[in-house]
Amino acid sequence: MLDRHIKYKYYKTMELRVLKYFLAVAQEENISKAAQLLHITQPTLSRQLIDLELELKTKLLIRGKRNKKITLTDEGKLLKARAQEIIELANKTKTEFLFDEKNIIGDIYIGGGETDAMRIVAKTAKKLAKKYPDIKYNLYSGNGEDVKEKLNKGLLDFGIFIEPFDKKEFDFISFTQKDHWGILMRKDSHLAKKDFITPQDLKGIPILSSRQFLVKNLLSGWLGYDFENLNIVGTYNLLFNASIMVDEGFGYALCIDKLINLTGKSNLCFKPLKPTLEAGILIAWKKNAPLSKCAKLFLNTLQN
């Protein structure tokens with residue numbers, strides 16, 4: 001019910017100020033502390049929160065008695081997520097309209113999963129910074145589903161994706177650089193003596209896998225048997241924490257290369273799959289959606 005109210009009613013009368021008040025209370029978990037942070041009186045803040053609950057016809061906050069700690073109801077947690085997106089989008093929109101041809105100041109929002117192809121983005125940003133030093137870059141790390149959702153909501157200008165990726169809703173540029181799939185393992189593993197890993201090698205060993213659905217289809221094709229027949233002991237969306245699990249001997253991580261530093265005293269090593277399984281990399285943006293002028297400058301520099 002709250003979701004429907006937010007979409008069809010509250011958007012019409014919403015004040016960003018009130019949403020910022022609500023987010024401050026959610027963050028501080030205390031009305032007095034939030035009021036101090038916002039430089040308003042506690043009664044004023046309390047009144048705004050009560051009016052917000054009346055407007056949405058639902059309880060958002062659970063007010064504690066002893067320590068006066070504020071917790072969120074399920075509806076409050078939903079509004080917090082929506083409010084964060086609304087504030088982010090409002091800030092992004094504001095910077096786009098402050099763009100000045102003579103004094104170019106603005107923000108570019110880029111999301112992506114872990115891939116060494118991010119160096120291409122970094123080199124493009126470095127080149128653009130020589131001419132437009134006041135453009136700022138806001139990076140968001142997440143898996144493909146997360147980044148795609150934020151692109152669709154307008155919270156990101158560009159997304160970096162590792163294929164397979166459903167491109168029908170997006171314009172994109174494919175990078176010539178390719179990532180390669182393999183296995184991250186401890187150096188003392190019996191598989192570490194091999195130059196590459198075959199489908200047969202993966203049978204029975206404990207594996208941590210990316211949780212993206214399309215990846216499962218890709219790897220099933222490479223394996224020659226159903227992905228579900230592997231001994232999947234866990235999943236991850238970003239590799240760093242999975243690499244710690246591998247380092248502690250919990251299992252092997254099925255991942256792409258060049259993401260974890262394997263030099264120095266690292267206990268880990270990476271072995272590529274054979275037959276070779278490449279992962280194409282692309283940068284995408286929402287089809288038919290207007291790009292900010294800063295984003296257009298970035299895209300032109302990337303293309304050139």
# chains A, B, ... in the order shown; residues from 1 in each chain; ligands from 1

$ residues_around --residues "stretch 128-143 of chain A" --least-positions-apart "3" --cutoff "7 Å" --atoms "only C-alpha atoms" --output "PyMOL selection string"
chain A and resi 104-113+124-125+146-147+237-238+298+301

$ residues_around --residues "A:Leu19" --least-positions-apart "6" --cutoff "12 Å" --atoms "only C-alpha atoms" --output "PyMOL selection string"
chain A and resi 6+10-11+13+25-26+45+48-49+51-53+76+79-88+90

$ residues_around --residues "A:Ile31" --least-positions-apart "3" --cutoff "12 Å" --atoms "only C-alpha atoms" --output "PyMOL selection string"
chain A and resi 21-28+34-49+61-64+67-71

$ residues_around --residues "A:Asp116" --least-positions-apart "5" --cutoff "8 Å" --atoms "only C-alpha atoms" --output "ChimeraX atom specification"
/A:179,258-259

$ closest_residue --among "A:Leu56, A:Leu184, A:Ile162, A:Cys294" --to "A:Ile281" --atoms "only C-alpha atoms"
A:Ile162

$ residues_around --residues "stretch 201-212 of chain A" --least-positions-apart "6" --cutoff "10 Å" --atoms "only C-alpha atoms" --output "MDAnalysis selection string"
chainID A and resid 143:145 164 183:185 191 194 223 229:239 242:243 245:246 249:256 273

$ select_by_dssp --residues "stretch 50-259 of chain A" --states "alpha helix (DSSP H)" --output "MDAnalysis selection string"
chainID A and resid 50:56 74:97 118:131 144:152 213:223 239:247

$ residues_around --residues "A:Gln177" --least-positions-apart "2" --cutoff "12 Å" --atoms "only C-alpha atoms" --output "tab-separated table (two decimals) with C-alpha atoms, in the first residue's frame"
chain	number	residue	atom	x	y	z
A	115	THR	CA	36.47	-5.58	-14.04
A	116	ASP	CA	39.90	-4.39	-15.10
A	117	ALA	CA	38.14	-2.60	-17.97
A	118	MET	CA	37.40	0.17	-15.46
A	119	ARG	CA	40.88	1.39	-16.42
A	120	ILE	CA	39.39	2.53	-19.74
A	162	ILE	CA	30.42	-7.98	-18.19
A	173	ILE	CA	29.94	0.59	-26.81
A	174	SER	CA	31.81	-2.72	-26.65
A	175	PHE	CA	35.39	-2.57	-25.40
A	179	ASP	CA	38.16	-10.53	-19.36
A	180	HIS	CA	38.76	-14.25	-18.91
A	278	GLU	CA	36.14	-14.90	-22.56
A	279	ALA	CA	33.87	-12.23	-21.10
A	280	GLY	CA	33.11	-9.22	-23.30
A	281	ILE	CA	32.98	-5.81	-21.62
A	282	LEU	CA	30.72	-2.93	-22.60
A	283	ILE	CA	29.61	0.47	-21.37

$ decode --residues "stretch 67-90 of chain A" --atoms "N, CA and C atoms" --output "mmCIF file, in the first residue's frame"
data_model
loop_
_atom_site.group_PDB
_atom_site.id
_atom_site.type_symbol
_atom_site.label_atom_id
_atom_site.label_comp_id
_atom_site.auth_asym_id
_atom_site.auth_seq_id
_atom_site.Cartn_x
_atom_site.Cartn_y
_atom_site.Cartn_z
ATOM 1 N N ASN A 67 15.594 4.614 25.768
ATOM 2 C CA ASN A 67 16.707 5.340 25.164
ATOM 3 C C ASN A 67 16.268 6.216 23.990
ATOM 4 N N LYS A 68 14.933 6.248 23.789
ATOM 5 C CA LYS A 68 14.365 7.078 22.729
ATOM 6 C C LYS A 68 14.942 6.744 21.346
ATOM 7 N N LYS A 69 15.407 5.505 21.187
ATOM 8 C CA LYS A 69 15.942 5.092 19.897
ATOM 9 C C LYS A 69 14.804 4.904 18.913
ATOM 10 N N ILE A 70 14.984 5.418 17.720
ATOM 11 C CA ILE A 70 13.988 5.309 16.660
ATOM 12 C C ILE A 70 14.348 4.146 15.749
ATOM 13 N N THR A 71 13.399 3.279 15.484
ATOM 14 C CA THR A 71 13.577 2.220 14.489
ATOM 15 C C THR A 71 12.503 2.376 13.413
ATOM 16 N N LEU A 72 12.771 1.814 12.265
ATOM 17 C CA LEU A 72 11.857 1.934 11.135
ATOM 18 C C LEU A 72 10.945 0.726 11.040
ATOM 19 N N THR A 73 9.696 0.962 10.710
ATOM 20 C CA THR A 73 8.789 -0.130 10.359
ATOM 21 C C THR A 73 9.181 -0.631 8.975
ATOM 22 N N ASP A 74 8.559 -1.701 8.519
ATOM 23 C CA ASP A 74 8.831 -2.186 7.158
ATOM 24 C C ASP A 74 8.501 -1.107 6.136
ATOM 25 N N GLU A 75 7.395 -0.373 6.385
ATOM 26 C CA GLU A 75 7.017 0.713 5.483
ATOM 27 C C GLU A 75 8.052 1.844 5.537
ATOM 28 N N GLY A 76 8.600 2.080 6.745
ATOM 29 C CA GLY A 76 9.630 3.094 6.894
ATOM 30 C C GLY A 76 10.898 2.728 6.141
ATOM 31 N N LYS A 77 11.257 1.440 6.168
ATOM 32 C CA LYS A 77 12.441 0.984 5.436
ATOM 33 C C LYS A 77 12.249 1.167 3.931
ATOM 34 N N LEU A 78 11.021 0.912 3.457
ATOM 35 C CA LEU A 78 10.737 1.105 2.037
ATOM 36 C C LEU A 78 10.842 2.580 1.665
ATOM 37 N N LEU A 79 10.265 3.447 2.510
ATOM 38 C CA LEU A 79 10.341 4.878 2.223
ATOM 39 C C LEU A 79 11.785 5.364 2.265
ATOM 40 N N LYS A 80 12.586 4.822 3.172
ATOM 41 C CA LYS A 80 13.994 5.216 3.241
ATOM 42 C C LYS A 80 14.693 4.932 1.921
ATOM 43 N N ALA A 81 14.463 3.737 1.380
ATOM 44 C CA ALA A 81 15.088 3.381 0.104
ATOM 45 C C ALA A 81 14.611 4.298 -1.016
ATOM 46 N N ARG A 82 13.299 4.578 -1.055
ATOM 47 C CA ARG A 82 12.741 5.449 -2.087
ATOM 48 C C ARG A 82 13.259 6.880 -1.920
ATOM 49 N N ALA A 83 13.310 7.347 -0.678
ATOM 50 C CA ALA A 83 13.740 8.715 -0.415
ATOM 51 C C ALA A 83 15.191 8.920 -0.822
ATOM 52 N N GLN A 84 16.034 7.929 -0.561
ATOM 53 C CA GLN A 84 17.440 8.029 -0.956
ATOM 54 C C GLN A 84 17.564 8.161 -2.471
ATOM 55 N N GLU A 85 16.757 7.393 -3.187
ATOM 56 C CA GLU A 85 16.791 7.473 -4.654
ATOM 57 C C GLU A 85 16.297 8.830 -5.139
ATOM 58 N N ILE A 86 15.234 9.333 -4.503
ATOM 59 C CA ILE A 86 14.663 10.621 -4.911
ATOM 60 C C ILE A 86 15.669 11.749 -4.686
ATOM 61 N N ILE A 87 16.324 11.744 -3.528
ATOM 62 C CA ILE A 87 17.309 12.783 -3.215
ATOM 63 C C ILE A 87 18.491 12.704 -4.178
ATOM 64 N N GLU A 88 18.958 11.492 -4.455
ATOM 65 C CA GLU A 88 20.066 11.312 -5.393
ATOM 66 C C GLU A 88 19.702 11.848 -6.770
ATOM 67 N N LEU A 89 18.482 11.530 -7.213
ATOM 68 C CA LEU A 89 18.052 11.970 -8.535
ATOM 69 C C LEU A 89 17.869 13.481 -8.572
ATOM 70 N N ALA A 90 17.358 14.056 -7.490
ATOM 71 C CA ALA A 90 17.186 15.506 -7.425
ATOM 72 C C ALA A 90 18.537 16.220 -7.485
#
